[in-house]
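**Q** This is upload-v2.pdb (PDB, C-alpha atoms).
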ATOM      1  CA  MET V1300     192.389 204.910 125.743
ATOM      2  CA  THR V1301     193.440 204.101 129.271
ATOM      3  CA  ASP V1302     193.938 200.402 130.050
ATOM      4  CA  ILE V1303     191.889 200.072 133.225
ATOM      5  CA  THR V1304     192.964 196.469 133.876
ATOM      6  CA  LYS V1305     196.276 197.897 135.133
ATOM      7  CA  PHE V1306     194.638 200.098 137.776
ATOM      8  CA  LYS V1307     194.902 199.110 141.449
ATOM      9  CA  PRO V1308     192.696 200.562 144.215
ATOM     10  CA  ASN V1309     194.448 202.934 146.606
ATOM     11  CA  THR V1310     191.507 204.529 148.414
ATOM     12  CA  VAL V1311     188.168 202.918 149.297
ATOM     13  CA  TYR V1312     185.410 204.675 151.234
ATOM     14  CA  VAL V1313     182.124 203.018 152.196
ATOM     15  CA  ILE V1314     179.085 204.911 153.442
ATOM     16  CA  TYR V1315     175.510 203.791 154.100
ATOM     17  CA  ILE V1316     172.686 206.120 153.172
ATOM     18  CA  ALA V1317     169.009 205.969 154.091
ATOM     19  CA  SER V1318     167.842 206.334 150.497
ATOM     20  CA  THR V1319     167.226 204.371 147.296
ATOM     21  CA  PRO V1320     169.758 203.365 144.603
ATOM     22  CA  GLU V1321     167.965 205.632 142.118
ATOM     23  CA  LYS V1322     168.249 208.686 144.371
ATOM     24  CA  VAL V1323     171.919 207.988 145.150
ATOM     25  CA  TRP V1324     172.591 207.633 141.418
ATOM     26  CA  GLN V1325     170.876 210.958 140.786
ATOM     27  CA  ALA V1326     172.871 212.628 143.570
ATOM     28  CA  LEU V1327     176.115 211.423 141.963
ATOM     29  CA  THR V1328     175.273 212.334 138.357
ATOM     30  CA  ASP V1329     172.975 215.396 138.458
ATOM     31  CA  PRO V1330     174.672 218.834 138.527
ATOM     32  CA  ALA V1331     171.966 220.317 140.764
ATOM     33  CA  PHE V1332     172.986 217.761 143.402
ATOM     34  CA  THR V1333     176.776 217.763 142.998
ATOM     35  CA  ARG V1334     176.852 221.570 143.323
ATOM     36  CA  GLN V1335     175.488 221.168 146.835
ATOM     37  CA  TYR V1336     177.960 218.673 148.274
ATOM     38  CA  PHE V1337     180.954 218.446 145.898
ATOM     39  CA  GLY V1338     182.877 221.663 146.561
ATOM     40  CA  GLY V1339     180.401 223.625 144.415
ATOM     41  CA  PHE V1340     181.323 221.691 141.256
ATOM     42  CA  ALA V1341     178.674 220.766 138.698
ATOM     43  CA  ILE V1342     179.004 217.392 137.023
ATOM     44  CA  ASP V1343     178.669 217.407 133.242
ATOM     45  CA  VAL V1344     178.650 213.868 131.907
ATOM     46  CA  GLU V1345     177.741 212.218 128.625
ATOM     47  CA  PRO V1346     175.712 209.243 129.891
ATOM     48  CA  LYS V1347     177.422 206.333 128.155
ATOM     49  CA  ALA V1348     180.670 204.370 128.250
ATOM     50  CA  GLY V1349     183.353 206.395 126.455
ATOM     51  CA  GLY V1350     181.428 209.632 127.040
ATOM     52  CA  ALA V1351     183.053 212.850 128.224
ATOM     53  CA  PHE V1352     183.034 213.684 131.938
ATOM     54  CA  PHE V1353     183.688 217.061 133.589
ATOM     55  CA  LEU V1354     183.367 218.700 136.955
ATOM     56  CA  ARG V1355     182.831 222.401 136.295
ATOM     57  CA  ASN V1356     183.417 225.449 138.462
ATOM     58  CA  PRO V1357     180.463 227.818 139.011
ATOM     59  CA  ASP V1358     181.776 229.973 136.110
ATOM     60  CA  GLY V1359     181.651 226.936 133.779
ATOM     61  CA  SER V1360     185.406 226.398 133.581
ATOM     62  CA  VAL V1361     186.675 222.829 133.917
ATOM     63  CA  HIS V1362     188.049 221.642 137.264
ATOM     64  CA  MET V1363     188.218 217.937 136.428
ATOM     65  CA  SER V1364     187.967 216.059 133.162
ATOM     66  CA  GLY V1365     187.805 212.408 132.158
ATOM     67  CA  ARG V1366     186.062 209.652 130.269
ATOM     68  CA  VAL V1367     183.216 207.420 131.333
ATOM     69  CA  VAL V1368     184.404 203.829 131.655
ATOM     70  CA  GLU V1369     181.143 202.313 132.884
ATOM     71  CA  TRP V1370     177.644 203.776 133.001
ATOM     72  CA  SER V1371     175.222 201.258 134.522
ATOM     73  CA  PRO V1372     172.421 203.110 136.324
ATOM     74  CA  PRO V1373     171.662 202.757 139.161
ATOM     75  CA  ARG V1374     174.451 200.369 140.147
ATOM     76  CA  ARG V1375     177.857 201.382 138.873
ATOM     77  CA  PHE V1376     179.462 204.546 137.505
ATOM     78  CA  SER V1377     183.155 204.564 136.708
ATOM     79  CA  CYS V1378     185.269 207.210 135.019
ATOM     80  CA  THR V1379     188.823 208.467 134.666
ATOM     81  CA  TRP V1380     189.788 211.717 136.429
ATOM     82  CA  THR V1381     192.349 214.326 135.518
ATOM     83  CA  VAL V1382     192.589 217.485 137.617
ATOM     84  CA  GLU V1383     192.584 220.456 135.224
ATOM     85  CA  GLY V1384     191.916 223.305 137.618
ATOM     86  CA  MET V1385     195.321 223.401 139.349
ATOM     87  CA  GLU V1386     198.494 224.176 137.453
ATOM     88  CA  GLY V1387     200.653 221.167 136.573
ATOM     89  CA  PHE V1388     198.124 218.627 137.852
ATOM     90  CA  ASN V1389     196.869 217.645 134.417
ATOM     91  CA  GLU V1390     200.288 216.209 133.647
ATOM     92  CA  LEU V1391     199.700 213.450 136.209
ATOM     93  CA  PRO V1392     198.239 210.210 134.839
ATOM     94  CA  PRO V1393     194.468 209.970 135.355
ATOM     95  CA  SER V1394     193.032 208.090 138.288
ATOM     96  CA  LEU V1395     189.978 205.875 138.009
ATOM     97  CA  VAL V1396     187.004 206.612 140.251
ATOM     98  CA  THR V1397     184.238 204.031 140.635
ATOM     99  CA  TYR V1398     180.985 204.384 142.528
ATOM    100  CA  GLU V1399     179.157 201.165 143.374
ATOM    101  CA  ILE V1400     175.602 201.353 144.649
ATOM    102  CA  GLU V1401     174.032 198.347 146.388
ATOM    103  CA  ARG V1402     170.842 197.832 148.330
ATOM    104  CA  SER V1403     171.522 196.900 151.945
ATOM    105  CA  GLY V1404     168.332 196.096 153.789
ATOM    106  CA  GLY V1405     166.198 199.219 153.435
ATOM    107  CA  SER V1406     169.213 201.415 152.793
ATOM    108  CA  VAL V1407     171.983 201.892 150.254
ATOM    109  CA  LYS V1408     175.649 200.988 150.525
ATOM    110  CA  LEU V1409     177.777 203.357 148.451
ATOM    111  CA  THR V1410     181.400 202.341 147.817
ATOM    112  CA  MET V1411     183.809 204.822 146.265
ATOM    113  CA  THR V1412     187.046 203.333 144.962
ATOM    114  CA  GLU V1413     189.889 205.407 143.600
ATOM    115  CA  ALA V1414     192.517 203.475 141.623
ATOM    116  CA  SER V1415     195.753 204.237 139.775
ATOM    117  CA  ASP V1416     198.126 202.474 137.414
ATOM    118  CA  TRP V1417     201.256 203.877 139.067
ATOM    119  CA  ASP V1418     202.771 204.034 142.529
ATOM    120  CA  VAL V1419     201.147 207.243 143.790
ATOM    121  CA  PRO V1420     203.044 208.929 146.673
ATOM    122  CA  ASP V1421     201.205 209.042 150.021
ATOM    123  CA  GLU V1422     201.262 212.853 150.052
ATOM    124  CA  ILE V1423     199.190 212.870 146.853
ATOM    125  CA  LEU V1424     196.841 210.106 148.040
ATOM    126  CA  ALA V1425     196.274 212.190 151.175
ATOM    127  CA  GLY V1426     194.353 214.672 149.028
ATOM    128  CA  GLY V1427     191.654 212.153 148.131
ATOM    129  CA  ARG V1428     191.753 210.507 151.522
ATOM    130  CA  SER V1429     190.891 213.782 153.228
ATOM    131  CA  GLY V1430     188.498 214.957 150.509
ATOM    132  CA  TRP V1431     186.321 211.910 149.873
ATOM    133  CA  PRO V1432     185.037 211.451 153.447
ATOM    134  CA  ALA V1433     183.954 215.103 153.540
ATOM    135  CA  ILE V1434     182.306 214.963 150.104
ATOM    136  CA  LEU V1435     180.484 211.687 150.683
ATOM    137  CA  SER V1436     179.428 212.692 154.220
ATOM    138  CA  SER V1437     177.903 215.807 152.718
ATOM    139  CA  LEU V1438     176.152 213.761 149.999
ATOM    140  CA  LYS V1439     174.628 211.582 152.743
ATOM    141  CA  SER V1440     173.416 214.673 154.611
ATOM    142  CA  VAL V1441     171.854 216.103 151.424
ATOM    143  CA  LEU V1442     169.901 212.898 150.810
ATOM    144  CA  GLU V1443     168.841 212.335 154.414
ATOM    145  CA  THR V1444     168.213 215.891 155.629
ATOM    146  CA  GLY V1445     168.007 218.002 152.454
ATOM    147  CA  LYS V1446     170.952 220.058 153.667
ATOM    148  CA  PRO V1447     174.662 219.683 152.793
ATOM    149  CA  LEU V1448     177.517 220.039 155.272
ATOM    150  CA  ASP V1449     179.709 223.111 155.083
ATOM    151  CA  VAL V1450     182.717 221.234 153.755
ATOM    152  CA  LYS V1451     185.039 222.949 151.333
ATOM    153  CA  THR V1452     188.188 220.867 151.614
ATOM    154  CA  GLU V1453     191.712 222.199 151.224
ATOM    155  CA  PRO V1454     194.699 220.198 149.956
ATOM    156  CA  PRO V1455     196.599 218.688 152.920
ATOM    157  CA  PRO V1456     200.133 219.905 153.762
ATOM    158  CA  GLY V1457     202.707 218.684 151.268
ATOM    159  CA  PHE V1458     200.137 217.859 148.585
ATOM    160  CA  VAL V1459     200.994 220.566 146.045
ATOM    161  CA  ALA V1460     204.742 220.032 146.509
ATOM    162  CA  ALA V1461     204.331 216.255 146.031
ATOM    163  CA  VAL V1462     202.404 216.738 142.792
ATOM    164  CA  LYS V1463     205.071 219.120 141.505
ATOM    165  CA  LYS V1464     207.835 216.655 142.381
ATOM    166  CA  ALA V1465     206.033 213.711 140.744
ATOM    167  CA  VAL V1466     205.491 215.738 137.554
ATOM    168  CA  GLU V1467     209.135 216.853 137.443
ATOM    169  CA  GLU V1468     210.392 213.305 137.953
ATOM    170  CA  ARG V1469     207.791 211.694 135.685
ATOM    171  CA  ALA V1470     207.382 209.325 138.663
ATOM    172  CA  TRP V1471     204.838 207.092 136.892
ATOM    173  CA  LEU V1472     207.422 206.038 134.294
ATOM    174  CA  ARG V1473     209.633 204.383 136.926
ATOM    175  CA  GLY V1474     209.855 200.627 137.241
TER     176      GLY V1474
ATOM    177  CA  MET J 550     190.553 204.314 183.371
ATOM    178  CA  GLY J 551     188.397 201.285 183.980
ATOM    179  CA  ALA J 552     187.056 198.111 182.447
ATOM    180  CA  SER J 553     183.923 198.217 180.387
ATOM    181  CA  ALA J 554     181.959 195.933 178.145
ATOM    182  CA  HIS J 555     179.539 196.835 175.425
ATOM    183  CA  ARG J 556     177.039 194.643 173.676
ATOM    184  CA  TRP J 557     176.946 195.115 169.927
ATOM    185  CA  ILE J 558     173.953 193.847 167.989
ATOM    186  CA  ASP J 559     173.061 190.451 169.519
ATOM    187  CA  ALA J 560     175.772 187.978 168.828
ATOM    188  CA  VAL J 561     178.981 189.915 169.260
ATOM    189  CA  ASP J 562     180.426 190.969 172.568
ATOM    190  CA  ILE J 563     183.432 193.224 172.670
ATOM    191  CA  VAL J 564     185.353 193.946 175.834
ATOM    192  CA  GLY J 565     187.994 196.546 176.446
ATOM    193  CA  THR J 566     189.547 199.132 178.694
ATOM    194  CA  VAL J 567     189.501 202.886 178.471
ATOM    195  CA  ILE J 568     193.071 203.955 177.752
ATOM    196  CA  GLU J 569     192.530 207.664 177.226
ATOM    197  CA  ASN J 570     189.464 209.804 177.844
ATOM    198  CA  ASP J 571     189.886 213.416 176.760
ATOM    199  CA  ARG J 572     186.300 214.529 176.423
ATOM    200  CA  PRO J 573     185.145 215.748 173.901
ATOM    201  CA  ARG J 574     188.206 215.407 171.701
ATOM    202  CA  ARG J 575     189.675 211.938 172.010
ATOM    203  CA  LEU J 576     188.749 208.489 173.312
ATOM    204  CA  VAL J 577     191.106 205.514 173.175
ATOM    205  CA  ILE J 578     189.959 201.999 174.082
ATOM    206  CA  SER J 579     191.295 198.490 173.806
ATOM    207  CA  TRP J 580     189.123 196.000 171.917
ATOM    208  CA  ALA J 581     188.874 192.197 172.045
ATOM    209  CA  SER J 582     186.427 189.311 171.960
ATOM    210  CA  PRO J 583     185.620 188.205 175.538
ATOM    211  CA  ASP J 584     187.465 184.909 175.061
ATOM    212  CA  ASP J 585     190.578 186.788 173.965
ATOM    213  CA  SER J 586     190.521 189.585 176.503
ATOM    214  CA  ALA J 587     193.568 188.264 178.374
ATOM    215  CA  ASN J 588     195.571 187.797 175.184
ATOM    216  CA  PRO J 589     197.516 190.903 174.146
ATOM    217  CA  GLU J 590     198.090 189.429 170.663
ATOM    218  CA  LYS J 591     194.357 189.399 170.047
ATOM    219  CA  THR J 592     193.654 192.756 171.645
ATOM    220  CA  SER J 593     193.427 195.709 169.280
ATOM    221  CA  ARG J 594     193.113 199.432 169.820
ATOM    222  CA  VAL J 595     190.499 201.943 168.721
ATOM    223  CA  VAL J 596     191.061 205.697 168.680
ATOM    224  CA  PHE J 597     188.203 208.174 168.195
ATOM    225  CA  ASP J 598     189.380 211.674 167.295
ATOM    226  CA  ILE J 599     186.764 214.423 167.239
ATOM    227  CA  GLU J 600     187.569 217.769 165.619
ATOM    228  CA  PRO J 601     185.334 220.763 164.925
ATOM    229  CA  TYR J 602     184.936 221.217 161.164
ATOM    230  CA  LYS J 603     183.920 224.654 159.909
ATOM    231  CA  ASP J 604     181.075 226.200 161.890
ATOM    232  CA  ASP J 605     178.571 223.482 162.437
ATOM    233  CA  ALA J 606     180.128 220.160 161.531
ATOM    234  CA  VAL J 607     182.466 217.665 163.148
ATOM    235  CA  LYS J 608     185.174 215.477 161.672
ATOM    236  CA  LEU J 609     185.252 212.093 163.403
ATOM    237  CA  THR J 610     188.259 209.901 162.658
ATOM    238  CA  VAL J 611     188.211 206.275 163.815
ATOM    239  CA  THR J 612     191.558 204.488 163.767
ATOM    240  CA  HIS J 613     191.473 200.775 164.549
ATOM    241  CA  SER J 614     195.003 199.388 164.825
ATOM    242  CA  GLU J 615     197.008 196.451 166.172
ATOM    243  CA  LEU J 616     194.671 193.983 164.463
ATOM    244  CA  GLU J 617     195.783 190.471 163.575
ATOM    245  CA  PRO J 618     196.312 190.107 159.807
ATOM    246  CA  ASP J 619     193.673 187.933 158.075
ATOM    247  CA  SER J 620     191.661 187.580 161.303
ATOM    248  CA  GLY J 621     187.896 187.359 161.600
ATOM    249  CA  MET J 622     188.056 190.446 163.790
ATOM    250  CA  LEU J 623     189.770 192.423 161.002
ATOM    251  CA  ARG J 624     187.117 191.354 158.501
ATOM    252  CA  GLY J 625     184.351 192.065 160.972
ATOM    253  CA  ILE J 626     185.425 195.570 161.874
ATOM    254  CA  SER J 627     186.222 196.434 158.233
ATOM    255  CA  ALA J 628     182.607 195.741 157.303
ATOM    256  CA  GLY J 629     181.241 197.030 160.597
ATOM    257  CA  TRP J 630     182.718 200.496 161.091
ATOM    258  CA  PRO J 631     181.303 202.091 157.908
ATOM    259  CA  LEU J 632     177.859 200.813 158.901
ATOM    260  CA  VAL J 633     178.062 201.859 162.548
ATOM    261  CA  LEU J 634     179.478 205.294 161.739
ATOM    262  CA  SER J 635     176.912 205.877 158.984
ATOM    263  CA  ALA J 636     174.186 205.012 161.492
ATOM    264  CA  LEU J 637     175.749 207.343 164.082
ATOM    265  CA  LYS J 638     175.717 210.213 161.584
ATOM    266  CA  SER J 639     172.074 209.565 160.644
ATOM    267  CA  PHE J 640     171.096 209.386 164.283
ATOM    268  CA  LEU J 641     172.744 212.716 165.134
ATOM    269  CA  GLU J 642     171.400 214.527 162.058
ATOM    270  CA  THR J 643     167.892 213.109 161.794
ATOM    271  CA  GLY J 644     167.165 211.709 165.253
ATOM    272  CA  THR J 645     166.556 208.228 163.899
ATOM    273  CA  SER J 646     168.520 205.521 162.248
ATOM    274  CA  THR J 647     167.103 202.585 160.382
ATOM    275  CA  LEU J 648     170.518 201.626 159.079
ATOM    276  CA  ILE J 649     171.624 199.184 161.772
ATOM    277  CA  GLY J 650     168.476 197.102 161.989
ATOM    278  CA  ALA J 651     168.087 197.107 158.233
ATOM    279  CA  THR J 652     171.394 195.606 157.370
ATOM    280  CA  GLN J 653     172.430 192.020 157.549
ATOM    281  CA  ARG J 654     175.878 191.158 158.843
ATOM    282  CA  GLU J 655     178.419 190.389 156.153
ATOM    283  CA  PRO J 656     180.230 187.033 156.305
TER     284      PRO J 656
END
Could you write out this file's structure as C-alpha cells?
**A**
Amino acid sequence: MTDITKFKPNTVYVIYIASTPEKVWQALTDPAFTRQYFGGFAIDVEPKAGGAFFLRNPDGSVHMSGRVVEWSPPRRFSCTWTVEGMEGFNELPPSLVTYEIERSGGSVKLTMTEASDWDVPDEILAGGRSGWPAILSSLKSVLETGKPLDVKTEPPPGFVAAVKKAVEERAWLRG
Amino acid sequence: MGASAHRWIDAVDIVGTVIENDRPRRLVISWASPDDSANPEKTSRVVFDIEPYKDDAVKLTVTHSELEPDSGMLRGISAGWPLVLSALKSFLETGTSTLIGATQREP
C-alpha cells in the first residue's frame, strides 16, 4: 500500500460553488455527474477507505485506477490515481488526489490537491494544471446552471514525451 | 495608460496603473495598497489573459506576480482570487452571485 505521508502537494485548485456540501459530494462521486463534466468519464468507486476506484470510458474500459485513501462524506475524498488509458503511463508512480469540501457562508469551497512522492517534471504537472481548472469549472457550471462546459482537454505540448522520458529513466527512483 | 483605483469589498483599497490594454484578450495592471503605491518593492503585477475555449466558453488565466514573499498581500490575494473569480463565473453564467457577500474574509 502506498505510504501517503511521503506525498507532497504539487497542484492546488480552489473553486467556490453556489451549492451544498452534499450536492458537491454527489457531483464528485456519482457517475451520472462525472460523465457530464469530467471528459466523459464515469467514476466507479467502492465507498470506503481501501476501496477500488476507477474512471471509466463510455465503453466501460478503465482510464484511471486507484485506491480510496479517505472516504468521509460530505467533507473529504482522497484516492490514489494511476493513468491506465494511455500507453506507458501506468508505469508512473500513482499521484494522490484529495477533494476537500467546506461550507463558506452560503456556498461551498472545494479544494482539489494533487500530490506526489517524487519530483514530478513540470511538463508532466502541466497536464493536471491545464486539466483541473477546466474540469472543476465545468463541475461548477453543472451545479449552478445544470449545463456543463464544452471542455475536453488535450495533453499540453511536451507532456507525452516527458512521461515517456520519466518512465525510461525511472525518474522517481533518483535521490 | 492611466491611473485608476478600485474599491474591493469595504476595507481594502487597491491602486494601480494600466500597463497593457488589449481588449478583449489581455489586461495588465500594477497592484498595490494605497500606502505602498509609490514603493516599487511593494507593487505587484496582475495579468488577465482571455482566450476563446471551444465554441462557447472562455479560458481566463490570472497571473499575479512580483509579490513580496510571506507578505500579507500574498496571503490576501491567494485566498481572494479563487473567490473573486468563482463569483465572476457565477455572475456571467447565472446573472447573480451570492458568493462574495456570503463569504467571510480569511485571516
**Q** Taking the file as shown, find all residues satisfying the PyMOL selection byres ((chain V) within 10 of (chain J)) and write them as a ChimeraX atom specification.
**A** /V:1312-1317,1402-1408,1432-1433,1436,1439-1440,1443-1444,1448-1451
**Q** What is the distance, in Å and to one decimal place, between CA of Ala1331 (chain V) and CA of Leu1354 (chain V)?
**A**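 Rounded to one decimal, the two atoms are 12.1 Å apart.
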**Q** Given the file shown, enumerate the residues that the PyMOL selection byres ((chain V and resi 1372-1380) around 6) captures and present them as a short mmCIF file (atom, residue, chain, number, x, y, z; two decimals) with C-alpha atoms, in the coordinates of the input.
**A**
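Writing done, so here's part_37.cif:
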data_model
loop_
_atom_site.label_atom_id
_atom_site.label_comp_id
_atom_site.auth_asym_id
_atom_site.auth_seq_id
_atom_site.Cartn_x
_atom_site.Cartn_y
_atom_site.Cartn_z
CA PRO V 1320 169.76 203.36 144.60
CA GLU V 1321 167.96 205.63 142.12
CA TRP V 1324 172.59 207.63 141.42
CA SER V 1364 187.97 216.06 133.16
CA GLY V 1365 187.80 212.41 132.16
CA ARG V 1366 186.06 209.65 130.27
CA VAL V 1367 183.22 207.42 131.33
CA VAL V 1368 184.40 203.83 131.66
CA GLU V 1369 181.14 202.31 132.88
CA TRP V 1370 177.64 203.78 133.00
CA SER V 1371 175.22 201.26 134.52
CA THR V 1381 192.35 214.33 135.52
CA PRO V 1393 194.47 209.97 135.35
CA SER V 1394 193.03 208.09 138.29
CA LEU V 1395 189.98 205.88 138.01
CA VAL V 1396 187.00 206.61 140.25
CA THR V 1397 184.24 204.03 140.64
CA TYR V 1398 180.98 204.38 142.53
CA GLU V 1399 179.16 201.16 143.37
CA ILE V 1400 175.60 201.35 144.65
#
**Q** From the options J:Phe640, J:Arg594, J:Leu576, J:Asn570, which residue's atoms come nearest to Ile626 (chain J), counting all atoms listed in the file?
**A**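 Going through J:Phe640, J:Arg594, J:Leu576, J:Asn570 one by one, the smallest distance to Ile626 (chain J) is for J:Arg594.
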**Q** Calculate how many Å separate CA of Glu1401 (chain V) from CA of Phe597 (chain J), rounding to one decimal.
**A**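 Computing the Euclidean distance for CA of Glu1401 (chain V) and CA of Phe597 (chain J) yields 27.8 Å.
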**Q** So how far away is CA of Thr612 (chain J) from CA of Arg572 (chain J), in Å?
**A**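 Pair CA of Arg572 (chain J) / CA of Thr612 (chain J) returns 17.0 Å.
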**Q** Can you pull out the residues contacting Thr592 (chain J)? Cut-off 10 Å, using only C-alpha atoms, and skip same-chain residues under 5 positions away; I want them as a ChimeraX atom specification.
**A** /J:564-565,579-582,585-587,614-617,622
**Q** Near region 1453-1464 of chain V, within 9 Å and counting only C-alpha atoms, which residues show up once chain neighbours fewer than 3 positions away are dropped, as an mmCIF file with C-alpha atoms, in the frame of the given file?
**A**
data_model
loop_
_atom_site.group_PDB
_atom_site.id
_atom_site.type_symbol
_atom_site.label_atom_id
_atom_site.label_comp_id
_atom_site.auth_asym_id
_atom_site.auth_seq_id
_atom_site.Cartn_x
_atom_site.Cartn_y
_atom_site.Cartn_z
ATOM 1 C CA GLY V 1387 200.653 221.167 136.573
ATOM 2 C CA PHE V 1388 198.124 218.627 137.852
ATOM 3 C CA LEU V 1391 199.700 213.450 136.209
ATOM 4 C CA PRO V 1420 203.044 208.929 146.673
ATOM 5 C CA ASP V 1421 201.205 209.042 150.021
ATOM 6 C CA GLU V 1422 201.262 212.853 150.052
ATOM 7 C CA ILE V 1423 199.190 212.870 146.853
ATOM 8 C CA LEU V 1424 196.841 210.106 148.040
ATOM 9 C CA ALA V 1425 196.274 212.190 151.175
ATOM 10 C CA GLY V 1426 194.353 214.672 149.028
ATOM 11 C CA GLY V 1427 191.654 212.153 148.131
ATOM 12 C CA SER V 1429 190.891 213.782 153.228
ATOM 13 C CA GLY V 1430 188.498 214.957 150.509
ATOM 14 C CA GLU V 1467 209.135 216.853 137.443
ATOM 15 C CA GLU V 1468 210.392 213.305 137.953
ATOM 16 C CA ARG V 1469 207.791 211.694 135.685
ATOM 17 C CA ALA V 1470 207.382 209.325 138.663
#
**Q** Between V:Gly1339, V:Pro1308, V:Pro1392, V:Pro1447, which is the closest to Leu1435 (chain V) once you count all atoms listed in the file?
**A**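 Under the stated criterion, the closest residue is V:Pro1447.
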**Q** Please identify all polymer residues within 8 Å of Leu1438 (chain V), counting all atoms listed in the file, omitting same-chain residues fewer than 3 positions from it, and present them as a list in words.
**A**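 So the residues in contact are Ala1326, Tyr1336, Phe1337, Ile1434, Leu1435, Val1441, Leu1442 and Pro1447 of chain V.
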**Q** Between J:Pro583, J:Ile599, J:Lys591, J:Asp619, which is the closest to Asp562 (chain J) once you count all atoms listed in the file?
**A**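 Of the candidates, the smallest distance to Asp562 (chain J) is held by J:Pro583.
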**Q** Could you list the residues chosen by the PyMOL selection byres ((chain V and resi 1353) around 8) in this structure as a list in words?
**A**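 When the PyMOL selection byres ((chain V and resi 1353) around 8) is applied to the shown file, the picked residues are Ile1342, Asp1343, Val1344, Ala1351, Phe1352, Leu1354, Arg1355, Val1361, His1362, Met1363, Ser1364 and Gly1365 of chain V.
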**Q** Would you kindly identify which residues have an atom no farther than 10 Å from (203.4, 199.7, 141.6), using all atoms listed in the file and the file's own coordinates, and write them out as a list of chain:residue names?
**A** V:Lys1305, V:Phe1306, V:Lys1307, V:Ser1415, V:Asp1416, V:Trp1417, V:Asp1418, V:Val1419, V:Trp1471, V:Arg1473, V:Gly1474
**Q** Each side padded by 5 Å, which centre and which edge lengths in Å (one decimal) define the axis-aligned box around the listed atoms of region 570-575 of chain J? Give them as AutoDock Vina command-line options.
**A**
--center_x 187.5 --center_y 212.8 --center_z 174.8 --size_x 14.7 --size_y 15.9 --size_z 16.1
